[in-house]
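This report refers to the structure that appears directly beneath it.
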Amino acid sequence: MVKICCIGAGYVGGPTMAVIALKCPSIEVAVVDISAARIAAWNSDQLPIYEPGLDEIVKQCRGKNLFFSTAVEKHVSEADIIFVSVNTPTKTQGLGAGKAADLTYWESAARMIADVSKSNKIVVEKSTVPVKTAEAIEKILTHNSKGIKYQILSNPEFLAEGTAIEDLFSPDRVLIGGRETPDGQKATQALKEVYAHWVPEDRIITTNLWSAELSKLAANAFLAQRISSVNAMSALCEATGANISEVAHAVGKDTRIGPKFLNASVGFGGSCFQKDILNLVYICECNGLTEVANYWKQVIKVNDYQKNRFVNRVVSSMFNTVSGKKIAILGFAFKKDTGDTRETPAIDVCKGLLGDKAQLSIYDLQVTEDQIKRDLSMKKFDWDHPIHLQPMSPAAVKEVSVVWDAYEATKGAHGICILTEWDEFKTLDYKKIFDNMQKPAFLFDGRNVVDVEKLREIGFIVYSIGKPLDAWLKDMPAMA
Ligand code: UDX
Ligand code: UDX
Ligand code: ADP
C-alpha cells in the first residue's frame with residue numbers, strides 16, 4: 001500500500017488530500033500539522049475550513065484511508081510520498097522584505113524530513129513557492145541525507161477556493177515538474193499514477209522542475225492581470241458613462257479572450273494573487289529584468305487603486321465624511337462560498353472607512369467575529385503565519401461590530417457596502433432595509449450583485465462598480 005503524508009492541513013492540503021483519499025482507496029493518506037487546534041477541527045464535525053462538498057468527503061474517508069494527526073514525524077517517516085503545503089508568507093524584514101517569500105516554514109519542514117526519514121522519499125512541493133525553491137530544498141535534503149535518496153517534485157495546485165472540490169475532481173490540468181534523470185522520471189511517474197486514478201492522462205502535464213514552479217506564478221499573474229484590466233476599464237466606464245458589464249460581455253465574446261474572469265470588483269483578494277505577483281516581481285528584479293518587474297507591479301497597483309477608489313467614492317458621496325456614521329458591510333470573505341479572509345479587499349476598505357472614523361457593522365455568512373477583528377488589527381503580510389503564531393486576542397476595534405444578519409447590520413445605517421458576492425445579497429428584502437435606514441440611504445455595490453434600477457426605484461442612491469453614475473454621484477465626484 002502506498003502511503004502519502006501531507007505536511008500542512010490548510011486550504012490546499014486538506015481538500016487535496018481528502019480527494020486523493022476518496023479517489024484512491026488503495027492509498028493511505030495522513031495529513032499532519034503542527035497546529036493541534038487545526039487537527040482537532042479536522043477530526044471534528046466542524047472542519048476548520050468551509051468548502052462546499054468537503055464535509056461529505058471527509059466523513060466518508062476519515063478513519064478509513066484518511067487521517068489527520070499531529071504526529072508529524074511518525075507519518076513523515078512512514079510515507080513514500082510527502083506533500084509539503086505549509087505557509088509561505090511574504091518576508092516582512094531583511095533582504096526582499098515586502099516581496100520575497102519567507103521560506104522559514106518550508107525549510108523547517110525539509111530539515112524535519114531529513115531528520116526522521118529512514119527510507120527513500122518523494123518530496124512534493126505543493127504550496128506555491130518561488131522558482132528554484134525545489135533546488136534549495138533538494139540541497140537541504142541531500143546534504144543531510146544519511147544515505148537516503150530524495151526526489152523532489154513540483155506539483156502546483158490550481159484549485160480555487162469555493163470550488164475546490166469541483167476543481168480537484170476535474171482539473172483543467174495537473175502539472176508535475178521533476179528532474180530529467182531516470183530517478184526523477186520514476187518519481188514523476190509514481191505521482192502521475194496517483195492522479196491517474198481519476199484524471200485523464202492527457203490532462204496530466206509533465207515538465208522540468210523550474211517550468212512547473214514558474215507556471216504556477218505565471219497562471220496566477222495572468223488571472224490577476226485580467227481582473228486589474230477589467231477593473232481599470234471600470235474606472236473609465238464610470239468616468240464616461242459606459243457600462244462595464246456590457247463592455248466585458250462584448251470583449252469576452254472574442255474566443256481569443258474568452259468570457260471567464262472578467263467581473264469587475266472592488267479588487268481581487270485571496271492568499272495567492274498578490275503574494276505570487278510579488279514573488280514574480282522579486283525574481284524579475286533579482287535577474288535584472290526591471291521592465292518586466294514593473295509590468296507586473298502595475299497589476300497590484302491597479303488593485304490597490306481600485307480599493308482606494310471605492311473608499312473615496314463612499315466618503316465623497318456621503319458629503320465628504322463618514323465620521324460617526326453607521327456603515328453596514330455586507331460580506332467580508334475574499335469571495336463567495338468561503339470563510340477565507342486572506343488579503344480580502346474588505347480589510348482595506350474597512351480600514352479606509354475606519355480611517356475616516358466610520359462606525360462599521362459587519363455581516364458575513366461564514367467569517368467569524370474573532371477572524372474579522374484579528375484581520376482589522378493585523379499588520380500587512382502578517383496573516384500568512386500559522387494560526388497559533390497570530391495574535392491570540394486581537395486588539396479590540398471599538399468602532400466595529402460583527403452581527404449575524406444583514407437586516408441587523410443595515411438597521412439605522414447611512415450606507416451599505418457590498419464587498420463579497422454572496423448569493424444571499426441578491427435576494428435580500430431591500431425595501432425593508434431601505435425603510436430602516438437613515439436618509440438619504442446609500443448603497444455601494446463592490447461586486448455588481450444588486451439590480452441597480454430596482455434599488456433606485458426603492459429610493460436608494462446606488463453606486464455599482466463600472467456602471468453609469470447616479471446624478472447624485474456625478475455631483476459629488478470621488479477624488480482619484
Ligand atoms: C486563485 C486561482 O484562481 C487558483 O487557480 C489558484 O490555485 C489560487 O488562486 P482563489 O484565490 O481561491 O484562486 O480564487 P479566485 O476565484 O481566483 O479569485 C481570486 C480573487 O479575484 C477573489 O477576490 C475574486 O473575488 C476576484 N475576482 C475573480 C474578481 O474580482 N473578478 C473575477 O472575474 C474573478
Ligand atoms: C488585430 C485584432 O486581432 C483584430 O481583432 C482587430 O480587428 C485588428 O487588430 P491584426 O492586427 O490584423 O488584428 O492581427 P493579429 O492577429 O491580432 O496580430 C497582431 C500582432 O500581434 C501581430 O504582429 C502578431 O504577430 C502579434 N501576435 C499575435 C503575437 O505576437 N503573439 C500572439 O500570440 C498573437
Ligand atoms: P494553504 O492555503 O497554502 O493551504 P494554510 O495557511 O491554510 O496554507 O496552511 C498551511 C498549514 O501548514 C497551517 O495549518 C500550518 O499550521 C501548517 N504548518 C506550517 N509549518 C509547518 C510545519 N513545519 N509542520 C507542520 N505543519 C506546518
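Labeling convention for the C-alpha cells: chains A, B, ... as they appear, residues from 1 per chain, ligands from 1 in order of appearance.
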
Near-segment 246-259 of chain A list (9 Å; only C-alpha atoms; drop same-chain fewer than 3 positions) as an mmCIF file with C-alpha atoms, in the first residue's frame:
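For reference, out29.cif as written:
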data_model
loop_
_atom_site.group_PDB
_atom_site.id
_atom_site.type_symbol
_atom_site.label_atom_id
_atom_site.label_comp_id
_atom_site.auth_asym_id
_atom_site.auth_seq_id
_atom_site.Cartn_x
_atom_site.Cartn_y
_atom_site.Cartn_z
ATOM 1 C CA VAL A 230 -11.363 44.894 -16.223
ATOM 2 C CA MET A 233 -11.827 49.698 -17.520
ATOM 3 C CA CYS A 237 -16.720 53.378 -17.661
ATOM 4 C CA ALA A 242 -20.270 53.180 -20.396
ATOM 5 C CA ASN A 243 -21.374 50.045 -18.564
ATOM 6 C CA LEU A 262 -13.981 39.377 -16.349
ATOM 7 C CA ASN A 263 -16.135 40.512 -13.428
ATOM 8 C CA ALA A 264 -15.244 43.999 -12.274
#

Q: Going by DSSP on the backbone, which bits of segment 27-158 of chain A are strand (DSSP E)? Write them as a VMD selection string, please.
A: chain A and resid 27 to 32 66 to 69 81 to 84 121 to 125 150 to 154

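Straight-line separation from atom CA of Val32 of chain A to atom CA of Val72 of chain A: 5.4 Å.
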
Q. When you draw a straight line from atom 11 (C, counted along the ligand's line) of ligand 3 to atom CA of Arg342 of chain A, how long is it in Å?
A. 13.5 Å

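With only C-alpha atoms as the atoms that count, the minimum distance from Arg374 of chain A to the choices A:Glu457, A:Ala406, A:Thr341, A:Asn144 is reached by A:Thr341.
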
Q.
Can you tell me which residues surround Ser119 of chain A at a distance of at most 9 Å, considering only C-alpha atoms, apart from same-chain residues fewer than 6 positions away, and format the answer as a VMD selection string?
A. chain A and resid 77 to 80 148 to 149

Using only C-alpha atoms, please write the residues we just selected to a file, as a compact mmCIF listing (two decimals), in the first residue's frame.
# COMPACT_ATOMS: atom_id res chain seq x y z
CA SER A 77 8.94 8.63 8.39
CA GLU A 78 6.35 6.07 7.23
CA ALA A 79 5.37 7.80 3.98
CA ASP A 80 6.52 7.04 0.44
CA ILE A 148 18.61 8.11 1.84
CA LYS A 149 17.55 9.10 -1.68

Q.
Counting only C-alpha atoms, which residue out of A:Ile283, A:Ile433, A:Val302, A:Ile244 sits closest to Ala232 of chain A?
A. A:Val302

Q) Can you tell me, as a PyMOL selection string, what residues are no more than 9 Å from Ala187 of chain A when counting only C-alpha atoms, ignoring any on the same chain fewer than 3 positions away? A) chain A and resi 122+151-153+178-179+182-184+190-192

Q.
Within 8 Å of ligand 1 (counting only C-alpha atoms and all ligand atoms), which residues show up? I'd like them as a VMD selection string.
A. chain A and resid 156 to 162 164 216 219 to 220 223 to 224 226 to 227 260 to 273 334 to 336 344 to 345 420 to 421 447

Q: Write out as a ChimeraX atom specification the residues lying within 10 Å of His75 of chain A, counting only C-alpha atoms and excluding same-chain residues fewer than 4 positions away.
A: /A:3-7,29-32,67,69-71,79-80,82,116-117

Neighbouring residues of ligand 3 are defined here as those with any atom at most 6 Å from a ligand atom, counting only C-alpha atoms and all ligand atoms; list them as an mmCIF file with N, CA and C atoms, in the first residue's frame.
data_model
loop_
_atom_site.group_PDB
_atom_site.id
_atom_site.type_symbol
_atom_site.label_atom_id
_atom_site.label_comp_id
_atom_site.auth_asym_id
_atom_site.auth_seq_id
_atom_site.Cartn_x
_atom_site.Cartn_y
_atom_site.Cartn_z
ATOM 1 N N ILE A 7 2.230 17.506 4.797
ATOM 2 C CA ILE A 7 2.582 18.407 5.894
ATOM 3 C C ILE A 7 1.867 19.736 5.655
ATOM 4 N N GLY A 8 0.974 20.112 6.558
ATOM 5 C CA GLY A 8 0.200 21.351 6.392
ATOM 6 C C GLY A 8 -1.251 21.020 6.074
ATOM 7 N N ALA A 9 -2.131 21.190 7.082
ATOM 8 C CA ALA A 9 -3.553 20.843 6.918
ATOM 9 C C ALA A 9 -4.358 22.102 6.659
ATOM 10 N N GLY A 10 -4.008 22.829 5.618
ATOM 11 C CA GLY A 10 -4.673 24.108 5.345
ATOM 12 C C GLY A 10 -5.654 24.019 4.200
ATOM 13 N N TYR A 11 -5.862 25.156 3.538
ATOM 14 C CA TYR A 11 -6.827 25.258 2.448
ATOM 15 C C TYR A 11 -6.433 24.394 1.247
ATOM 16 N N VAL A 12 -5.133 24.199 1.062
ATOM 17 C CA VAL A 12 -4.684 23.380 -0.060
ATOM 18 C C VAL A 12 -4.556 21.920 0.377
ATOM 19 N N GLY A 13 -3.781 21.695 1.446
ATOM 20 C CA GLY A 13 -3.502 20.328 1.890
ATOM 21 C C GLY A 13 -4.762 19.560 2.238
ATOM 22 N N ASP A 33 -0.093 18.382 10.896
ATOM 23 C CA ASP A 33 0.074 19.828 11.090
ATOM 24 C C ASP A 33 0.623 20.068 12.489
ATOM 25 N N ILE A 34 1.384 21.147 12.637
ATOM 26 C CA ILE A 34 1.878 21.491 13.978
ATOM 27 C C ILE A 34 0.783 22.133 14.827
ATOM 28 N N SER A 35 -0.278 22.575 14.201
ATOM 29 C CA SER A 35 -1.353 23.195 14.975
ATOM 30 C C SER A 35 -2.321 22.122 15.486
ATOM 31 N N SER A 85 2.743 21.363 2.105
ATOM 32 C CA SER A 85 1.897 22.524 1.796
ATOM 33 C C SER A 85 1.772 23.397 3.031
ATOM 34 N N VAL A 86 2.911 23.910 3.439
ATOM 35 C CA VAL A 86 2.985 24.789 4.615
ATOM 36 C C VAL A 86 2.918 26.252 4.169
ATOM 37 N N ASN A 87 2.818 27.144 5.110
ATOM 38 C CA ASN A 87 2.710 28.577 4.791
ATOM 39 C C ASN A 87 3.982 29.097 4.118
ATOM 40 N N TYR A 105 9.062 28.223 7.122
ATOM 41 C CA TYR A 105 8.273 27.017 7.437
ATOM 42 C C TYR A 105 8.633 25.870 6.509
ATOM 43 N N SER A 108 12.002 24.492 7.683
ATOM 44 C CA SER A 108 11.925 23.666 8.886
ATOM 45 C C SER A 108 11.256 22.325 8.563
ATOM 46 N N ALA A 109 10.302 22.327 7.635
ATOM 47 C CA ALA A 109 9.693 21.055 7.216
ATOM 48 C C ALA A 109 10.743 20.168 6.535
ATOM 49 N N SER A 127 2.743 23.812 -1.877
ATOM 50 C CA SER A 127 2.428 25.229 -1.688
ATOM 51 C C SER A 127 3.120 26.013 -2.800
ATOM 52 N N PRO A 386 1.375 30.478 10.634
ATOM 53 C CA PRO A 386 0.458 29.511 11.238
ATOM 54 C C PRO A 386 -0.400 30.192 12.297
#

Q.
Write out as number ranges by chain the set of residues from segment 322-385 of chain A that DSSP, computed on the backbone, places in alpha helix (DSSP H).
A. A: 345-355, 369-377

Any chance you can output those residues with N, CA and C atoms as a PDB file, in the first residue's frame?
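Writing done, so here's out_26.pdb:
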ATOM      1  N   PRO A 345     -10.297  42.233  -0.056  1.00  0.00           N
ATOM      2  CA  PRO A 345     -10.379  43.680  -0.225  1.00  0.00           C
ATOM      3  C   PRO A 345     -11.162  44.340   0.916  1.00  0.00           C
ATOM      4  N   ALA A 346     -12.021  43.540   1.599  1.00  0.00           N
ATOM      5  CA  ALA A 346     -12.802  44.096   2.714  1.00  0.00           C
ATOM      6  C   ALA A 346     -11.884  44.668   3.801  1.00  0.00           C
ATOM      7  N   ILE A 347     -10.721  44.074   3.992  1.00  0.00           N
ATOM      8  CA  ILE A 347      -9.817  44.592   5.034  1.00  0.00           C
ATOM      9  C   ILE A 347      -9.414  46.030   4.700  1.00  0.00           C
ATOM     10  N   ASP A 348      -8.973  46.252   3.467  1.00  0.00           N
ATOM     11  CA  ASP A 348      -8.527  47.602   3.091  1.00  0.00           C
ATOM     12  C   ASP A 348      -9.674  48.597   3.080  1.00  0.00           C
ATOM     13  N   VAL A 349     -10.837  48.144   2.583  1.00  0.00           N
ATOM     14  CA  VAL A 349     -11.988  49.056   2.544  1.00  0.00           C
ATOM     15  C   VAL A 349     -12.396  49.426   3.972  1.00  0.00           C
ATOM     16  N   CYS A 350     -12.496  48.420   4.851  1.00  0.00           N
ATOM     17  CA  CYS A 350     -12.894  48.711   6.238  1.00  0.00           C
ATOM     18  C   CYS A 350     -11.870  49.621   6.910  1.00  0.00           C
ATOM     19  N   LYS A 351     -10.584  49.319   6.702  1.00  0.00           N
ATOM     20  CA  LYS A 351      -9.565  50.175   7.328  1.00  0.00           C
ATOM     21  C   LYS A 351      -9.660  51.606   6.800  1.00  0.00           C
ATOM     22  N   GLY A 352      -9.941  51.742   5.513  1.00  0.00           N
ATOM     23  CA  GLY A 352     -10.095  53.068   4.918  1.00  0.00           C
ATOM     24  C   GLY A 352     -11.253  53.821   5.551  1.00  0.00           C
ATOM     25  N   LEU A 353     -12.374  53.132   5.728  1.00  0.00           N
ATOM     26  CA  LEU A 353     -13.553  53.789   6.313  1.00  0.00           C
ATOM     27  C   LEU A 353     -13.314  54.091   7.792  1.00  0.00           C
ATOM     28  N   LEU A 354     -12.626  53.175   8.474  1.00  0.00           N
ATOM     29  CA  LEU A 354     -12.316  53.426   9.891  1.00  0.00           C
ATOM     30  C   LEU A 354     -11.384  54.625  10.015  1.00  0.00           C
ATOM     31  N   GLY A 355     -10.508  54.778   9.016  1.00  0.00           N
ATOM     32  CA  GLY A 355      -9.596  55.924   8.990  1.00  0.00           C
ATOM     33  C   GLY A 355     -10.367  57.230   8.920  1.00  0.00           C
ATOM     34  N   GLU A 369     -16.491  36.493  14.030  1.00  0.00           N
ATOM     35  CA  GLU A 369     -16.177  37.798  14.620  1.00  0.00           C
ATOM     36  C   GLU A 369     -14.695  37.880  14.993  1.00  0.00           C
ATOM     37  N   ASP A 370     -14.196  36.803  15.586  1.00  0.00           N
ATOM     38  CA  ASP A 370     -12.805  36.764  16.007  1.00  0.00           C
ATOM     39  C   ASP A 370     -11.872  36.998  14.808  1.00  0.00           C
ATOM     40  N   GLN A 371     -12.196  36.335  13.692  1.00  0.00           N
ATOM     41  CA  GLN A 371     -11.359  36.458  12.496  1.00  0.00           C
ATOM     42  C   GLN A 371     -11.405  37.894  11.962  1.00  0.00           C
ATOM     43  N   ILE A 372     -12.585  38.491  11.916  1.00  0.00           N
ATOM     44  CA  ILE A 372     -12.721  39.855  11.387  1.00  0.00           C
ATOM     45  C   ILE A 372     -11.905  40.827  12.247  1.00  0.00           C
ATOM     46  N   LYS A 373     -12.013  40.679  13.552  1.00  0.00           N
ATOM     47  CA  LYS A 373     -11.291  41.608  14.435  1.00  0.00           C
ATOM     48  C   LYS A 373      -9.782  41.380  14.350  1.00  0.00           C
ATOM     49  N   ARG A 374      -9.407  40.109  14.203  1.00  0.00           N
ATOM     50  CA  ARG A 374      -7.985  39.795  14.027  1.00  0.00           C
ATOM     51  C   ARG A 374      -7.468  40.466  12.742  1.00  0.00           C
ATOM     52  N   ASP A 375      -8.252  40.326  11.653  1.00  0.00           N
ATOM     53  CA  ASP A 375      -7.831  40.879  10.362  1.00  0.00           C
ATOM     54  C   ASP A 375      -7.685  42.401  10.420  1.00  0.00           C
ATOM     55  N   LEU A 376      -8.610  43.050  11.149  1.00  0.00           N
ATOM     56  CA  LEU A 376      -8.582  44.513  11.164  1.00  0.00           C
ATOM     57  C   LEU A 376      -7.508  45.045  12.105  1.00  0.00           C
ATOM     58  N   SER A 377      -6.935  44.148  12.927  1.00  0.00           N
ATOM     59  CA  SER A 377      -5.868  44.644  13.812  1.00  0.00           C
ATOM     60  C   SER A 377      -4.482  44.114  13.414  1.00  0.00           C
TER      61      SER A 377
END

Q.
Need the shell around Gly412 of chain A: protein/DNA/RNA residues with any atom at most 8 Å away, counting only C-alpha atoms. Skip same-chain ones fewer than 2 positions apart. Format as a PyMOL selection string?
A. chain A and resi 326+410+414+436-438

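Neighbouring residues of Ala218 of chain A at 9 Å or closer, counting only C-alpha atoms and skipping chain neighbours under 6 positions away, are A:Asp276, A:Ile277, A:Leu280.
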
Q.
So, with only C-alpha atoms as the atoms that count, which of A:Leu289, A:Ile81, A:Ile57, A:Val315 lies closest to Thr16 of chain A?
A. A:Ile57

Q. Interatomic distance between atom CA of Ala18 of chain A and atom CA of Ile165 of chain A?
A. 9.3 Å
